[in-house]
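J.: Can you read through this structure? Questions will come right after.
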Amino acid sequence: MRSLVLLIASLFFFCAEAQAAPKLLWETKGLAQPESVVVDPATGAIYVSNIVGAVMQKDGNGFIAKLSGEGKIVTRQWVKGLDAPTGLALYDRTLYVADIDQLIAINAASGEIVKRYPAKGATFLNDVAVDAEGTVYVSDTPTNTIWRLKDGSFEPWLANDKLNGPNGLLVQGDALIVASLGKIPSVGQKQDLAGLSVVSLKDQSVAPLGNGKPIGNLDGLALLQPGVFLVTDWAAGALYRVDSKGKAELLIDLNQGSADLAYLPDKKVALIPMMLDNSLVAYRLE
């Protein structure tokens, strides 16, 4: 009887683990080096930035695609004429887009570009995050700099080598959480893994999240639940769950190029641009 109970218990836990595994819901192909994704809470539309070429080349080929909530392409080139658009953030019906050395503001209702904010001296603006008051933060990865748009002025806000290639950004209360890229071996340099950092919005101090243990060459960053984050590893191709102590758990083994994700807590769905596969994938996280 004891053996039977243990067997049943083992089967129960095995099934529970199997059910907890992320499930691929859909994949949208036909994109062009998708880098970032954001969902419009007002309409349910999905916006995806597409680089289309070299990541720092001013060629005018980049665009923003508009998809339905189910991942169907509504308008492939909803906003055209960008260079190498990367990070996206939506605030008060304005879609902010990082595009090499400028921050672009787009009317989310019409798709019209309403404002361009030059970032003189920036090398590669990468991710975008907005706080509750509408202040916009943008990472400039190669220069270890965070830019800030506040009261119409767009300027460097923090330059600190501790950021180690700041990529993904997320505002949490009075802190800016940063997912760092480190160094990728594919660009001809020795690989340097990185982790998450916490930047105080009050005094700009930079500290590692939790134990500060390196995780990978990080790209996207999203909040899974209070104190727990989802991050993508661009180089290794992975989705991690990272808690407040810095402990990382591999959730999905992906192809290289997993980029700046979005998470929908009400649906428990992660949207991940697969930059080198030219696709957007949706996974349900149980």
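Every chain in the structure tokens takes a letter, A first, then B, and so on in the order presented; its residues are numbered from 1, and the ligands are numbered from 1 following the presented order.
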List as a PyMOL selection string the protein and nucleic acid residues near Ser36 of chain A, meaning an atom at most 10 Å away when only C-alpha atoms are counted, but skip any in the same chain fewer than 3 places from it.

T.: chain A and resi 33+47-51+64+85-89+97-98+126-128+219-220+258-262+271-275+280

J.: Using N, CA and C atoms, can you export the residues from the last selection as an mmCIF file, in the first residue's frame?

T.:
```cif
data_model
loop_
_atom_site.group_PDB
_atom_site.id
_atom_site.type_symbol
_atom_site.label_atom_id
_atom_site.label_comp_id
_atom_site.auth_asym_id
_atom_site.auth_seq_id
_atom_site.Cartn_x
_atom_site.Cartn_y
_atom_site.Cartn_z
ATOM 1 N N GLN A 33 13.338 40.747 -38.742
ATOM 2 C CA GLN A 33 14.185 41.023 -37.575
ATOM 3 C C GLN A 33 13.403 41.753 -36.476
ATOM 4 N N TYR A 47 1.929 45.654 -31.302
ATOM 5 C CA TYR A 47 2.874 46.385 -32.138
ATOM 6 C C TYR A 47 4.249 45.718 -32.027
ATOM 7 N N VAL A 48 4.910 45.553 -33.172
ATOM 8 C CA VAL A 48 6.216 44.890 -33.217
ATOM 9 C C VAL A 48 7.188 45.740 -34.024
ATOM 10 N N SER A 49 8.352 46.041 -33.449
ATOM 11 C CA SER A 49 9.384 46.782 -34.188
ATOM 12 C C SER A 49 10.183 45.806 -35.052
ATOM 13 N N ASN A 50 10.524 46.246 -36.271
ATOM 14 C CA ASN A 50 11.275 45.418 -37.231
ATOM 15 C C ASN A 50 12.491 46.190 -37.719
ATOM 16 N N ILE A 51 13.678 45.635 -37.493
ATOM 17 C CA ILE A 51 14.921 46.340 -37.810
ATOM 18 C C ILE A 51 15.214 46.353 -39.308
ATOM 19 N N ILE A 64 7.233 49.461 -38.065
ATOM 20 C CA ILE A 64 6.446 48.897 -36.971
ATOM 21 C C ILE A 64 5.287 48.128 -37.589
ATOM 22 N N PRO A 85 14.449 50.342 -35.733
ATOM 23 C CA PRO A 85 13.657 50.478 -34.505
ATOM 24 C C PRO A 85 13.807 49.278 -33.592
ATOM 25 N N THR A 86 13.984 49.551 -32.310
ATOM 26 C CA THR A 86 14.155 48.487 -31.319
ATOM 27 C C THR A 86 13.080 48.615 -30.247
ATOM 28 N N GLY A 87 13.423 49.102 -29.059
ATOM 29 C CA GLY A 87 12.504 49.095 -27.933
ATOM 30 C C GLY A 87 11.235 49.899 -28.151
ATOM 31 N N LEU A 88 10.131 49.394 -27.570
ATOM 32 C CA LEU A 88 8.827 50.041 -27.646
ATOM 33 C C LEU A 88 8.245 50.224 -26.246
ATOM 34 N N ALA A 89 7.493 51.290 -26.064
ATOM 35 C CA ALA A 89 6.730 51.498 -24.832
ATOM 36 C C ALA A 89 5.526 52.355 -25.166
ATOM 37 N N VAL A 97 9.366 54.811 -29.549
ATOM 38 C CA VAL A 97 10.216 53.864 -30.267
ATOM 39 C C VAL A 97 11.662 54.333 -30.218
ATOM 40 N N ALA A 98 12.573 53.453 -29.809
ATOM 41 C CA ALA A 98 14.007 53.749 -29.868
ATOM 42 C C ALA A 98 14.495 53.440 -31.281
ATOM 43 N N ASN A 126 18.255 51.378 -27.245
ATOM 44 C CA ASN A 126 17.833 49.983 -27.323
ATOM 45 C C ASN A 126 16.436 49.741 -26.753
ATOM 46 N N ASP A 127 16.260 49.856 -25.454
ATOM 47 C CA ASP A 127 14.938 49.594 -24.885
ATOM 48 C C ASP A 127 14.341 50.873 -24.318
ATOM 49 N N VAL A 128 13.006 50.843 -24.116
ATOM 50 C CA VAL A 128 12.262 52.001 -23.635
ATOM 51 C C VAL A 128 11.344 51.573 -22.494
ATOM 52 N N ASP A 219 18.316 40.539 -22.818
ATOM 53 C CA ASP A 219 17.664 41.469 -23.730
ATOM 54 C C ASP A 219 16.358 41.965 -23.124
ATOM 55 N N GLY A 220 15.271 41.211 -23.297
ATOM 56 C CA GLY A 220 13.966 41.647 -22.830
ATOM 57 C C GLY A 220 13.767 41.475 -21.337
ATOM 58 N N SER A 258 16.220 35.590 -29.132
ATOM 59 C CA SER A 258 15.029 35.917 -28.344
ATOM 60 C C SER A 258 15.207 37.322 -27.773
ATOM 61 N N ALA A 259 14.298 38.228 -28.149
ATOM 62 C CA ALA A 259 14.525 39.643 -27.892
ATOM 63 C C ALA A 259 13.566 40.232 -26.849
ATOM 64 N N ASP A 260 13.128 41.474 -27.072
ATOM 65 C CA ASP A 260 12.436 42.266 -26.053
ATOM 66 C C ASP A 260 10.967 41.860 -25.927
ATOM 67 N N LEU A 261 10.664 41.073 -24.913
ATOM 68 C CA LEU A 261 9.344 40.468 -24.758
ATOM 69 C C LEU A 261 8.326 41.371 -24.085
ATOM 70 N N ALA A 262 7.064 40.929 -24.131
ATOM 71 C CA ALA A 262 5.978 41.527 -23.351
ATOM 72 C C ALA A 262 5.254 40.399 -22.641
ATOM 73 N N LEU A 271 4.860 37.195 -24.964
ATOM 74 C CA LEU A 271 5.078 37.417 -26.394
ATOM 75 C C LEU A 271 6.566 37.693 -26.593
ATOM 76 N N ILE A 272 7.211 36.889 -27.426
ATOM 77 C CA ILE A 272 8.660 36.983 -27.580
ATOM 78 C C ILE A 272 9.029 37.147 -29.052
ATOM 79 N N PRO A 273 9.635 38.281 -29.433
ATOM 80 C CA PRO A 273 10.144 38.414 -30.795
ATOM 81 C C PRO A 273 11.375 37.516 -30.977
ATOM 82 N N MET A 274 11.353 36.716 -32.016
ATOM 83 C CA MET A 274 12.497 35.863 -32.353
ATOM 84 C C MET A 274 13.197 36.530 -33.537
ATOM 85 N N MET A 275 14.173 37.356 -33.202
ATOM 86 C CA MET A 275 14.774 38.272 -34.168
ATOM 87 C C MET A 275 15.404 37.553 -35.365
ATOM 88 N N LEU A 280 7.248 36.135 -34.319
ATOM 89 C CA LEU A 280 6.813 36.466 -32.963
ATOM 90 C C LEU A 280 6.109 35.242 -32.411
#
```

J.: Hey, what's within 6 Å of Ser279 of chain A if we count only C-alpha atoms and toss same-chain stuff fewer than 4 positions away? As a PDB file with C-alpha atoms, in the first residue's frame, please?

T.:
```pdb
ATOM      1  CA  THR A  28       3.561  34.751 -36.456  1.00  0.00           C
ATOM      2  CA  LYS A  29       6.023  34.460 -39.322  1.00  0.00           C
ATOM      3  CA  LEU A  31       8.354  39.660 -39.890  1.00  0.00           C
ATOM      4  CA  MET A 274      12.497  35.863 -32.353  1.00  0.00           C
TER       5      MET A 274
END
```

J.: If you count only C-alpha atoms, which residues fall within 7 Å of Trp147 of chain A, apart from same-chain ones fewer than 4 positions away, as a compact mmCIF listing (two decimals) with N, CA and C atoms, in the first residue's frame?

T.:
```txt
# COMPACT_ATOMS: atom_id res chain seq x y z
N TYR A 137 12.39 56.43 -20.10
CA TYR A 137 13.79 56.04 -19.94
C TYR A 137 14.20 55.16 -21.12
N VAL A 138 15.39 55.41 -21.65
CA VAL A 138 15.87 54.69 -22.83
C VAL A 138 17.32 54.26 -22.60
N SER A 139 17.61 52.99 -22.86
CA SER A 139 18.97 52.48 -22.68
C SER A 139 19.80 52.69 -23.94
N PHE A 154 15.03 65.63 -23.75
CA PHE A 154 15.60 64.29 -23.87
C PHE A 154 17.11 64.39 -23.75
N GLU A 155 17.67 63.84 -22.68
CA GLU A 155 19.10 63.99 -22.42
C GLU A 155 19.63 62.82 -21.60
N PRO A 156 20.96 62.62 -21.58
CA PRO A 156 21.53 61.56 -20.75
C PRO A 156 21.18 61.78 -19.28
N TRP A 157 20.74 60.71 -18.64
CA TRP A 157 20.33 60.81 -17.23
C TRP A 157 21.33 60.11 -16.32
N LEU A 158 21.90 59.00 -16.79
CA LEU A 158 22.85 58.22 -15.99
C LEU A 158 23.84 57.54 -16.91
```

J.: Using only C-alpha atoms, determine which residues lie at most 10 Å from Asp59 of chain A, disregarding the query and same-chain residues fewer than 4 positions distant; provide the list as a VMD selection string.

T.: chain A and resid 51 to 54 81 to 84

J.: Go ahead and write the residues just picked, N, CA and C atoms, as an mmCIF file, in the first residue's frame.

T.:
```cif
data_model
loop_
_atom_site.group_PDB
_atom_site.id
_atom_site.type_symbol
_atom_site.label_atom_id
_atom_site.label_comp_id
_atom_site.auth_asym_id
_atom_site.auth_seq_id
_atom_site.Cartn_x
_atom_site.Cartn_y
_atom_site.Cartn_z
ATOM 1 N N ILE A 51 13.678 45.635 -37.493
ATOM 2 C CA ILE A 51 14.921 46.340 -37.810
ATOM 3 C C ILE A 51 15.214 46.353 -39.308
ATOM 4 N N VAL A 52 15.064 45.226 -39.978
ATOM 5 C CA VAL A 52 15.268 45.091 -41.429
ATOM 6 C C VAL A 52 16.664 45.542 -41.850
ATOM 7 N N GLY A 53 17.688 44.817 -41.426
ATOM 8 C CA GLY A 53 19.050 45.159 -41.836
ATOM 9 C C GLY A 53 19.972 45.294 -40.642
ATOM 10 N N ALA A 54 21.075 46.001 -40.837
ATOM 11 C CA ALA A 54 22.050 46.198 -39.774
ATOM 12 C C ALA A 54 21.432 47.001 -38.632
ATOM 13 N N GLY A 81 9.490 53.855 -42.776
ATOM 14 C CA GLY A 81 10.512 54.890 -42.882
ATOM 15 C C GLY A 81 11.403 55.050 -41.675
ATOM 16 N N LEU A 82 11.402 54.089 -40.765
ATOM 17 C CA LEU A 82 12.317 54.134 -39.622
ATOM 18 C C LEU A 82 13.649 53.520 -40.039
ATOM 19 N N ASP A 83 14.637 53.616 -39.175
ATOM 20 C CA ASP A 83 15.960 53.084 -39.518
ATOM 21 C C ASP A 83 16.155 51.679 -38.947
ATOM 22 N N ALA A 84 16.374 51.585 -37.663
ATOM 23 C CA ALA A 84 16.538 50.283 -37.017
ATOM 24 C C ALA A 84 15.780 50.310 -35.693
#
```

J.: What's the 9 Å shell around Tyr240 of chain A, counting only C-alpha atoms, without same-chain residues fewer than 2 positions away, as a ChimeraX atom specification?

T.: /A:215,229-233,238,242,248-252

J.: Give me, as a list of chain:residue names, all polymer residues having an atom no more than 7 Å from Lys213 of chain A, counting only C-alpha atoms and skipping those fewer than 2 positions away in the same chain.

T.: A:Gly195, A:Asn211, A:Ile215, A:Gly246

J.: Closest to Arg76 of chain A among A:Gly62, A:Leu90, A:Trp26, A:Asn167, using only C-alpha atoms?

T.: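 So, comparing all the options, the nearest one is A:Gly62.
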
J.: Give me, as a PyMOL selection string, all polymer residues having an atom no more than 12 Å from Glu112 of chain A, counting only C-alpha atoms and skipping those fewer than 2 positions away in the same chain.

T.: chain A and resi 64+78-81+93-96+104-110+114-116

J.: With N, CA and C atoms retained, could you export that selection as a PDB file, in the first residue's frame?

T.:
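Here's the written file again19.pdb:
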```pdb
ATOM      1  N   ILE A  64       7.233  49.461 -38.065  1.00  0.00           N
ATOM      2  CA  ILE A  64       6.446  48.897 -36.971  1.00  0.00           C
ATOM      3  C   ILE A  64       5.287  48.128 -37.589  1.00  0.00           C
ATOM      4  N   TRP A  78       2.865  49.184 -40.651  1.00  0.00           N
ATOM      5  CA  TRP A  78       1.928  50.154 -40.096  1.00  0.00           C
ATOM      6  C   TRP A  78       2.570  51.542 -39.997  1.00  0.00           C
ATOM      7  N   VAL A  79       3.823  51.583 -39.534  1.00  0.00           N
ATOM      8  CA  VAL A  79       4.624  52.811 -39.538  1.00  0.00           C
ATOM      9  C   VAL A  79       5.901  52.498 -40.302  1.00  0.00           C
ATOM     10  N   LYS A  80       6.159  53.244 -41.385  1.00  0.00           N
ATOM     11  CA  LYS A  80       7.309  52.980 -42.249  1.00  0.00           C
ATOM     12  C   LYS A  80       8.347  54.089 -42.133  1.00  0.00           C
ATOM     13  N   GLY A  81       9.490  53.855 -42.776  1.00  0.00           N
ATOM     14  CA  GLY A  81      10.512  54.890 -42.882  1.00  0.00           C
ATOM     15  C   GLY A  81      11.403  55.050 -41.675  1.00  0.00           C
ATOM     16  N   ARG A  93      -1.654  56.791 -25.063  1.00  0.00           N
ATOM     17  CA  ARG A  93      -1.909  56.747 -26.506  1.00  0.00           C
ATOM     18  C   ARG A  93      -0.727  57.184 -27.345  1.00  0.00           C
ATOM     19  N   THR A  94       0.449  57.240 -26.762  1.00  0.00           N
ATOM     20  CA  THR A  94       1.671  57.527 -27.508  1.00  0.00           C
ATOM     21  C   THR A  94       2.580  56.307 -27.467  1.00  0.00           C
ATOM     22  N   LEU A  95       3.014  55.874 -28.639  1.00  0.00           N
ATOM     23  CA  LEU A  95       3.945  54.762 -28.749  1.00  0.00           C
ATOM     24  C   LEU A  95       5.348  55.333 -28.916  1.00  0.00           C
ATOM     25  N   TYR A  96       6.221  55.033 -27.963  1.00  0.00           N
ATOM     26  CA  TYR A  96       7.607  55.492 -28.030  1.00  0.00           C
ATOM     27  C   TYR A  96       8.482  54.395 -28.630  1.00  0.00           C
ATOM     28  N   ILE A 104      11.387  58.229 -30.989  1.00  0.00           N
ATOM     29  CA  ILE A 104      10.291  58.645 -31.855  1.00  0.00           C
ATOM     30  C   ILE A 104       8.970  58.437 -31.134  1.00  0.00           C
ATOM     31  N   ALA A 105       8.104  59.448 -31.184  1.00  0.00           N
ATOM     32  CA  ALA A 105       6.774  59.374 -30.583  1.00  0.00           C
ATOM     33  C   ALA A 105       5.743  59.222 -31.702  1.00  0.00           C
ATOM     34  N   ILE A 106       4.894  58.194 -31.575  1.00  0.00           N
ATOM     35  CA  ILE A 106       3.902  57.871 -32.596  1.00  0.00           C
ATOM     36  C   ILE A 106       2.509  57.892 -31.991  1.00  0.00           C
ATOM     37  N   ASN A 107       1.564  58.483 -32.697  1.00  0.00           N
ATOM     38  CA  ASN A 107       0.169  58.469 -32.275  1.00  0.00           C
ATOM     39  C   ASN A 107      -0.356  57.044 -32.421  1.00  0.00           C
ATOM     40  N   ALA A 108      -0.734  56.415 -31.312  1.00  0.00           N
ATOM     41  CA  ALA A 108      -1.143  55.009 -31.344  1.00  0.00           C
ATOM     42  C   ALA A 108      -2.455  54.801 -32.079  1.00  0.00           C
ATOM     43  N   ALA A 109      -3.254  55.844 -32.230  1.00  0.00           N
ATOM     44  CA  ALA A 109      -4.530  55.714 -32.929  1.00  0.00           C
ATOM     45  C   ALA A 109      -4.358  55.784 -34.442  1.00  0.00           C
ATOM     46  N   SER A 110      -3.477  56.682 -34.901  1.00  0.00           N
ATOM     47  CA  SER A 110      -3.335  56.916 -36.340  1.00  0.00           C
ATOM     48  C   SER A 110      -2.074  56.326 -36.959  1.00  0.00           C
ATOM     49  N   VAL A 114       4.575  61.878 -34.480  1.00  0.00           N
ATOM     50  CA  VAL A 114       4.234  63.215 -33.995  1.00  0.00           C
ATOM     51  C   VAL A 114       5.432  63.982 -33.465  1.00  0.00           C
ATOM     52  N   LYS A 115       6.513  63.268 -33.106  1.00  0.00           N
ATOM     53  CA  LYS A 115       7.677  63.955 -32.543  1.00  0.00           C
ATOM     54  C   LYS A 115       8.909  63.059 -32.649  1.00  0.00           C
ATOM     55  N   ARG A 116      10.034  63.678 -32.931  1.00  0.00           N
ATOM     56  CA  ARG A 116      11.335  63.002 -32.909  1.00  0.00           C
ATOM     57  C   ARG A 116      12.232  63.715 -31.908  1.00  0.00           C
TER      58      ARG A 116
END
```

J.: Considering only C-alpha atoms, can you say which of A:Ser68, A:Ser153, A:Gly168, A:Asp131 comes closest to Glu35 of chain A?

T.: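 Checking each of A:Ser68, A:Ser153, A:Gly168, A:Asp131 against Glu35 of chain A, counting only C-alpha atoms, the winner is A:Gly168.
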
J.: Just the number, please: distance in Å from atom CA of Gly257 of chain A to atom CA of Asn278 of chain A, one decimal.

T.: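 Spanning atom CA of Gly257 of chain A to atom CA of Asn278 of chain A is a straight-line distance of 9.5 Å.
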